[in-house]
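Comments concern the structure below.
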Amino acid sequence: MTFTVHGQAVSRGVAIGRAVLVASSRLDVAHYFIAPEQVGAEIARLRAARDAVADEIRRLQQGLAHDEMEAHAELAALLEVHLMLLQDEHLHEGVKHWVSERHYNAEWALTAQLELVAKQFDEMEDPYLRERKADLEQLVERMLRVMRGEASPITAAPAPGAEEHPLVLIAHDLAPADMLHFKQGIFAGFVTDVGGKTSHTAIVARSMDIPAVVGARHASQLVQQDDWVIVDGDAGVLIVDPTPMMLAEYGYKQRQGAIERERLARIKNTPAVTLDGERIELLANIEQPEDTLPALSVGAVGVGLFRTEFLFMGRGGKLPDEEEQFDAYRRAIEGMHGLPVTIRTVDVGADKPLDHHRRDEHLNPALGLRAIRWSLAEPAMFLTQLRAILRAAAHGKVNVLIPMLAHLSEVRQVHAMLAKAREQLDRRGVAYGPVRVGAMIEVPAAALAVRLFVRHFDFLSIGTNDLIQYALAIDRVDESVAHLYDPLHPAVLRLVADTIAVAREAGKPVSVCGEMAGDVTMTRLLLGLGLRSFSMHPTQILPVKQQILRSDTRKLRDWAQRVVASDEPALLLAD
């Protein structure tokens, strides 16, 4: 019987094939108490499992070093994060506690500590950092399999008939290491029960252009082994046991998708210029220095957002020093070969993402000590980062972007700290370069007071993800209110439109770096509102460029103003 399961669309395209189910091994972990004399042996089993998983990850890293696929950088960075999580002392000390003090068996101790740490991840405000819980779960899963003597389910030999029919993986979750097997063409797509748009599996899927749906609750329990399934990565839908008519329809869509991807690849080197001659800047959002490679591969003309918080996370509270940061920023700058790189200062919250040992004491971290507020509260850390960025600027074009500003006092403190960082470098006789300084407009107060910000900054960048969240008072990762998260709410559009208009009036560059920038359904509207700089995930650049090449900004201006003024903008967007 045909039925559908809905999840989140994270990677475009259509996959049709036979289902391969991967069950979670944690579902049937044995729980029993051990004798005191068995403590040493149980801890040794845990240590051996950890070392085996670490060795496996290192072997995969070595394999990637000789791999030229575009997803190389994404996968290498994700595997490095997994190694760091695997070596986290908080995890190991916690597990040893359960074994030594409570006399839990090794598997029980491991899952008990996982539950404890997972709760801390759940309380984090930042959605990307919160998604890291899934990475820890995947590592624990692999350790449990090692202790059982089981091979990775993804490395198992393909099912009979795989050479005739594509296979689609259905799992509770997938680790980045498992994703490596997609490059071998074994699986045509995948669906997971959990995960969000910023989960590692979603990021890798997008970078490898694999049709995928995540967050499809209970899919792994509803689908039967070897069922025929269709993964619609554009709509976020899994269709199980499709009718012949559905198979024909999606088969046609699949062929059209392949043709479309070939067509998009041809415009990689085409300048992003509208029909009326407006040149549009298409920039890339990156998380690691190595991400510059995929950015350049799709023709990005610079980095519009380098999220530096990834240098700070997963270190047990130890912050990266100036040299480490300088090296990372310099590598990103050199990786772009003279194109500009916009480095955002660290954007973390008071929800202890840098130190898992500390409990969150804040009632609402989203409104607490996060982003620039945290940086200004930790002046030594902030100065270290500013010095590293200034030094890296001696190696290429660099912009500094300050997140979550709202007050004039914060603006003044930022400029004072920049001046102090330069003074410190002068005293040390260390070379540094010029930087342009920009403000992120991502809280309604900043958007409403945008004239203040254009006076004090060289450029603006609109962070639509947080701006929508704060404007509508919606936690975008809270599934119970996710349906109210609306980029087309009239209030949101007004804030975006006014910010663009004021920046242009002042002659200051303005870009959009949130999800709205990479949404092709929003491209014409943003062009009509006067936006000329978009920053997005590299895989979104070519579809947006195609839309730009087909647009005439002169014909879009009045229409865009009507959309913004409408009570129901969504109804006009398709006009």
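The way I read the labels, and the way they are meant: chains A, B, ... in the order of the structure tokens, residue 1 as the first residue of every chain, and ligand 1 as the first ligand shown, with later ones counted on from there.
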
| field | Those in region 449-526 of chain A with alpha helix (DSSP H) from DSSP, as number ranges by chain | value | A: 450-456, 464-472, 490-506, 520-526

Dump N, CA, C and O atoms for the selected residues as a compact mmCIF listing (two decimals), in the first residue's frame?
# COMPACT_ATOMS: atom_id res chain seq x y z
N VAL A 450 18.52 50.97 11.83
CA VAL A 450 19.60 50.68 10.89
C VAL A 450 20.39 51.93 10.50
O VAL A 450 21.57 51.84 10.16
N ARG A 451 19.77 53.12 10.55
CA ARG A 451 20.50 54.34 10.21
C ARG A 451 21.67 54.56 11.16
O ARG A 451 22.69 55.14 10.79
N LEU A 452 21.51 54.12 12.39
CA LEU A 452 22.61 54.21 13.36
C LEU A 452 23.79 53.35 12.90
O LEU A 452 24.94 53.78 12.95
N PHE A 453 23.47 52.18 12.41
CA PHE A 453 24.53 51.23 12.04
C PHE A 453 25.26 51.64 10.76
O PHE A 453 26.45 51.43 10.64
N VAL A 454 24.54 52.22 9.80
CA VAL A 454 25.23 52.62 8.58
C VAL A 454 26.20 53.77 8.84
O VAL A 454 27.16 53.96 8.09
N ARG A 455 25.96 54.50 9.91
CA ARG A 455 26.89 55.60 10.23
C ARG A 455 28.19 55.07 10.83
O ARG A 455 29.23 55.69 10.73
N HIS A 456 28.13 53.93 11.47
CA HIS A 456 29.29 53.43 12.21
C HIS A 456 30.00 52.26 11.55
O HIS A 456 31.05 51.83 12.05
N THR A 464 19.07 36.66 8.08
CA THR A 464 17.61 36.48 8.09
C THR A 464 17.15 35.36 9.02
O THR A 464 16.02 35.41 9.51
N ASN A 465 17.99 34.36 9.27
CA ASN A 465 17.54 33.26 10.14
C ASN A 465 17.18 33.77 11.53
O ASN A 465 16.09 33.50 12.05
N ASP A 466 18.10 34.51 12.14
CA ASP A 466 17.81 35.04 13.47
C ASP A 466 16.82 36.20 13.41
O ASP A 466 16.00 36.36 14.31
N LEU A 467 16.90 37.01 12.36
CA LEU A 467 15.97 38.14 12.27
C LEU A 467 14.52 37.65 12.27
O LEU A 467 13.66 38.22 12.95
N ILE A 468 14.25 36.59 11.52
CA ILE A 468 12.88 36.04 11.49
C ILE A 468 12.53 35.46 12.86
O ILE A 468 11.42 35.67 13.37
N GLN A 469 13.47 34.76 13.45
CA GLN A 469 13.22 34.14 14.75
C GLN A 469 12.85 35.17 15.80
O GLN A 469 11.87 35.01 16.53
N TYR A 470 13.63 36.24 15.85
CA TYR A 470 13.37 37.26 16.88
C TYR A 470 12.16 38.13 16.54
O TYR A 470 11.43 38.55 17.42
N ALA A 471 11.96 38.41 15.25
CA ALA A 471 10.82 39.25 14.87
C ALA A 471 9.50 38.55 15.18
O ALA A 471 8.52 39.19 15.60
N LEU A 472 9.45 37.23 14.97
CA LEU A 472 8.20 36.50 15.17
C LEU A 472 8.16 35.75 16.50
O LEU A 472 7.17 35.07 16.78
N PRO A 490 4.74 39.79 6.70
CA PRO A 490 4.90 41.22 6.32
C PRO A 490 5.88 41.97 7.20
O PRO A 490 6.62 42.84 6.70
N ALA A 491 5.94 41.65 8.48
CA ALA A 491 6.86 42.35 9.38
C ALA A 491 8.32 42.03 9.02
O ALA A 491 9.18 42.92 9.02
N VAL A 492 8.58 40.78 8.70
CA VAL A 492 9.93 40.37 8.32
C VAL A 492 10.35 41.06 7.03
O VAL A 492 11.45 41.62 6.92
N LEU A 493 9.46 41.03 6.04
CA LEU A 493 9.80 41.65 4.75
C LEU A 493 10.04 43.15 4.92
O LEU A 493 10.91 43.73 4.26
N ARG A 494 9.27 43.78 5.78
CA ARG A 494 9.47 45.22 5.99
C ARG A 494 10.84 45.48 6.60
O ARG A 494 11.54 46.42 6.20
N LEU A 495 11.23 44.69 7.57
CA LEU A 495 12.56 44.87 8.19
C LEU A 495 13.68 44.67 7.17
O LEU A 495 14.65 45.44 7.13
N VAL A 496 13.54 43.65 6.32
CA VAL A 496 14.56 43.39 5.30
C VAL A 496 14.58 44.52 4.26
O VAL A 496 15.64 45.05 3.91
N ALA A 497 13.40 44.91 3.79
CA ALA A 497 13.31 45.96 2.76
C ALA A 497 13.87 47.28 3.26
O ALA A 497 14.63 47.97 2.55
N ASP A 498 13.54 47.65 4.48
CA ASP A 498 14.02 48.93 5.03
C ASP A 498 15.53 48.92 5.21
O ASP A 498 16.21 49.92 4.96
N THR A 499 16.07 47.78 5.66
CA THR A 499 17.53 47.69 5.85
C THR A 499 18.25 47.86 4.52
O THR A 499 19.24 48.61 4.43
N ILE A 500 17.75 47.19 3.49
CA ILE A 500 18.38 47.32 2.16
C ILE A 500 18.28 48.77 1.67
O ILE A 500 19.25 49.35 1.17
N ALA A 501 17.10 49.35 1.81
CA ALA A 501 16.88 50.71 1.30
C ALA A 501 17.77 51.73 2.01
O ALA A 501 18.38 52.59 1.36
N VAL A 502 17.87 51.64 3.31
CA VAL A 502 18.68 52.60 4.07
C VAL A 502 20.17 52.45 3.73
O VAL A 502 20.88 53.45 3.57
N ALA A 503 20.63 51.22 3.60
CA ALA A 503 22.04 50.99 3.26
C ALA A 503 22.36 51.56 1.88
O ALA A 503 23.38 52.22 1.69
N ARG A 504 21.48 51.30 0.93
CA ARG A 504 21.71 51.81 -0.44
C ARG A 504 21.68 53.34 -0.45
O ARG A 504 22.49 53.98 -1.14
N GLU A 505 20.75 53.90 0.29
CA GLU A 505 20.66 55.37 0.37
C GLU A 505 21.95 55.97 0.93
O GLU A 505 22.40 57.03 0.51
N ALA A 506 22.55 55.26 1.89
CA ALA A 506 23.79 55.74 2.52
C ALA A 506 25.03 55.37 1.71
O ALA A 506 26.15 55.73 2.08
N VAL A 520 15.76 30.16 -3.99
CA VAL A 520 15.51 30.72 -5.33
C VAL A 520 14.13 31.35 -5.44
O VAL A 520 13.92 32.22 -6.29
N THR A 521 13.20 30.94 -4.59
CA THR A 521 11.87 31.55 -4.66
C THR A 521 11.89 32.98 -4.13
O THR A 521 10.93 33.74 -4.33
N MET A 522 12.96 33.36 -3.44
CA MET A 522 13.07 34.71 -2.89
C MET A 522 13.99 35.60 -3.72
O MET A 522 14.10 36.81 -3.45
N THR A 523 14.68 35.04 -4.70
CA THR A 523 15.71 35.80 -5.42
C THR A 523 15.14 37.03 -6.12
O THR A 523 15.67 38.14 -5.99
N ARG A 524 14.05 36.87 -6.86
CA ARG A 524 13.47 38.00 -7.59
C ARG A 524 13.00 39.10 -6.64
O ARG A 524 13.17 40.29 -6.90
N LEU A 525 12.43 38.68 -5.51
CA LEU A 525 11.96 39.67 -4.54
C LEU A 525 13.12 40.49 -3.98
O LEU A 525 13.06 41.72 -3.91
N LEU A 526 14.19 39.79 -3.60
CA LEU A 526 15.35 40.50 -3.03
C LEU A 526 16.00 41.41 -4.07
O LEU A 526 16.44 42.52 -3.75

| message | Among region 362-404 of chain A, which residues does DSSP mark as strand (DSSP E) when it is run on the backbone? Keep the chain and numbering as in the structure and answer as a PyMOL selection string. | response | chain A and resi 398-402

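Distance check against Gly304 (chain A) using only C-alpha atoms: of A:Leu401, A:Leu283, A:Ala380, A:Ile541, the minimum falls on A:Leu283.
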
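Going from CA of Arg427 (chain A) over to CA of Ser409 (chain A), you cover 26.9 Å.
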
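If only C-alpha atoms are the atoms counted, then among A:Leu167, A:Ile389, A:Val10, A:Val414 the closest residue to Arg331 (chain A) is A:Ile389.
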
Shell around Arg391 (chain A) at 9 Å using only C-alpha atoms, local window under 2 positions removed, as a tab-separated table (two decimals) with C-alpha atoms, in the first residue's frame:
chain	number	residue	atom	x	y	z
A	326	PHE	CA	45.57	33.28	12.55
A	330	ARG	CA	45.11	32.90	6.66
A	386	LEU	CA	40.62	40.48	16.56
A	387	ARG	CA	44.43	40.36	16.54
A	388	ALA	CA	44.35	37.07	14.63
A	389	ILE	CA	41.94	38.51	12.04
A	393	ALA	CA	44.33	40.60	6.72
A	394	ALA	CA	47.94	41.18	5.74
A	395	HIS	CA	47.50	38.16	3.42
A	425	LEU	CA	50.09	44.45	17.47
A	430	VAL	CA	53.61	42.44	14.23
A	431	ALA	CA	52.36	43.18	10.71
A	432	TYR	CA	48.63	43.44	10.03
A	433	GLY	CA	46.36	44.57	7.24

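Proximity of A:Leu484, A:Gln254, A:Met536, A:Val301 to Glu281 (chain A), computed with only C-alpha atoms, is greatest for A:Val301.
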
| query | Of the candidates A:Leu339, A:Val411, A:Val213, A:Leu264, which shows the shortest atom-to-atom distance to Ser11 (chain A), using only C-alpha atoms? | reply | A:Val213

| message | Give me the residues near Ser551 (chain A) as number ranges by chain, where near means some atom within 10 Å (using only C-alpha atoms) and where sequence neighbours in that chain fewer than 5 positions away do not count. | response | A: 273-278, 523-524, 527-528, 545-546, 556

| Ala9 (chain A) environment, 8 Å, only C-alpha atoms, sequence neighbours closer than 3 positions dropped, as number ranges by chain | A: 12, 197, 212-214, 232-237

For Met1 (chain A), list every protein, DNA or RNA residue within 8 Å, evaluated using only C-alpha atoms, and leave out those in the same chain fewer than 4 positions away; present the list as a compact mmCIF listing (two decimals) with all heavy atoms, in the first residue's frame.
# COMPACT_ATOMS: atom_id res chain seq x y z
N VAL A 240 6.55 5.51 -0.13
CA VAL A 240 6.81 4.08 0.03
C VAL A 240 5.80 3.29 -0.81
O VAL A 240 4.62 3.61 -0.83
CB VAL A 240 6.69 3.67 1.51
CG1 VAL A 240 7.04 2.20 1.69
CG2 VAL A 240 7.60 4.55 2.38
N ASP A 241 6.32 2.27 -1.50
CA ASP A 241 5.50 1.42 -2.37
C ASP A 241 4.70 2.26 -3.36
O ASP A 241 3.46 2.20 -3.41
CB ASP A 241 4.54 0.57 -1.52
CG ASP A 241 3.91 -0.54 -2.34
OD1 ASP A 241 4.43 -0.84 -3.44
OD2 ASP A 241 2.88 -1.08 -1.91
N PRO A 242 5.38 3.06 -4.17
CA PRO A 242 4.68 3.95 -5.11
C PRO A 242 3.94 3.19 -6.20
O PRO A 242 4.32 2.06 -6.55
CB PRO A 242 5.82 4.79 -5.70
CG PRO A 242 7.02 3.92 -5.58
CD PRO A 242 6.84 3.14 -4.30

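Between Val191 (chain A) and the candidates A:Arg145, A:His6, A:Arg554, A:Lys119, the tightest atom-to-atom separation, counting only C-alpha atoms, involves A:His6.
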
| request: Select, from A:Leu460, A:Ile43, A:Ala574, A:Val544, the residue with the minimum atom-to-atom distance to Gly507 (chain A), counting only C-alpha atoms. | output: A:Leu460

| remark: Taken to one decimal, the CA of Thr292 (chain A)-CA of Tyr329 (chain A) distance is 11.3 Å

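Separating CA of Met124 (chain A) from CA of Val341 (chain A) is a distance of 28.0 Å.
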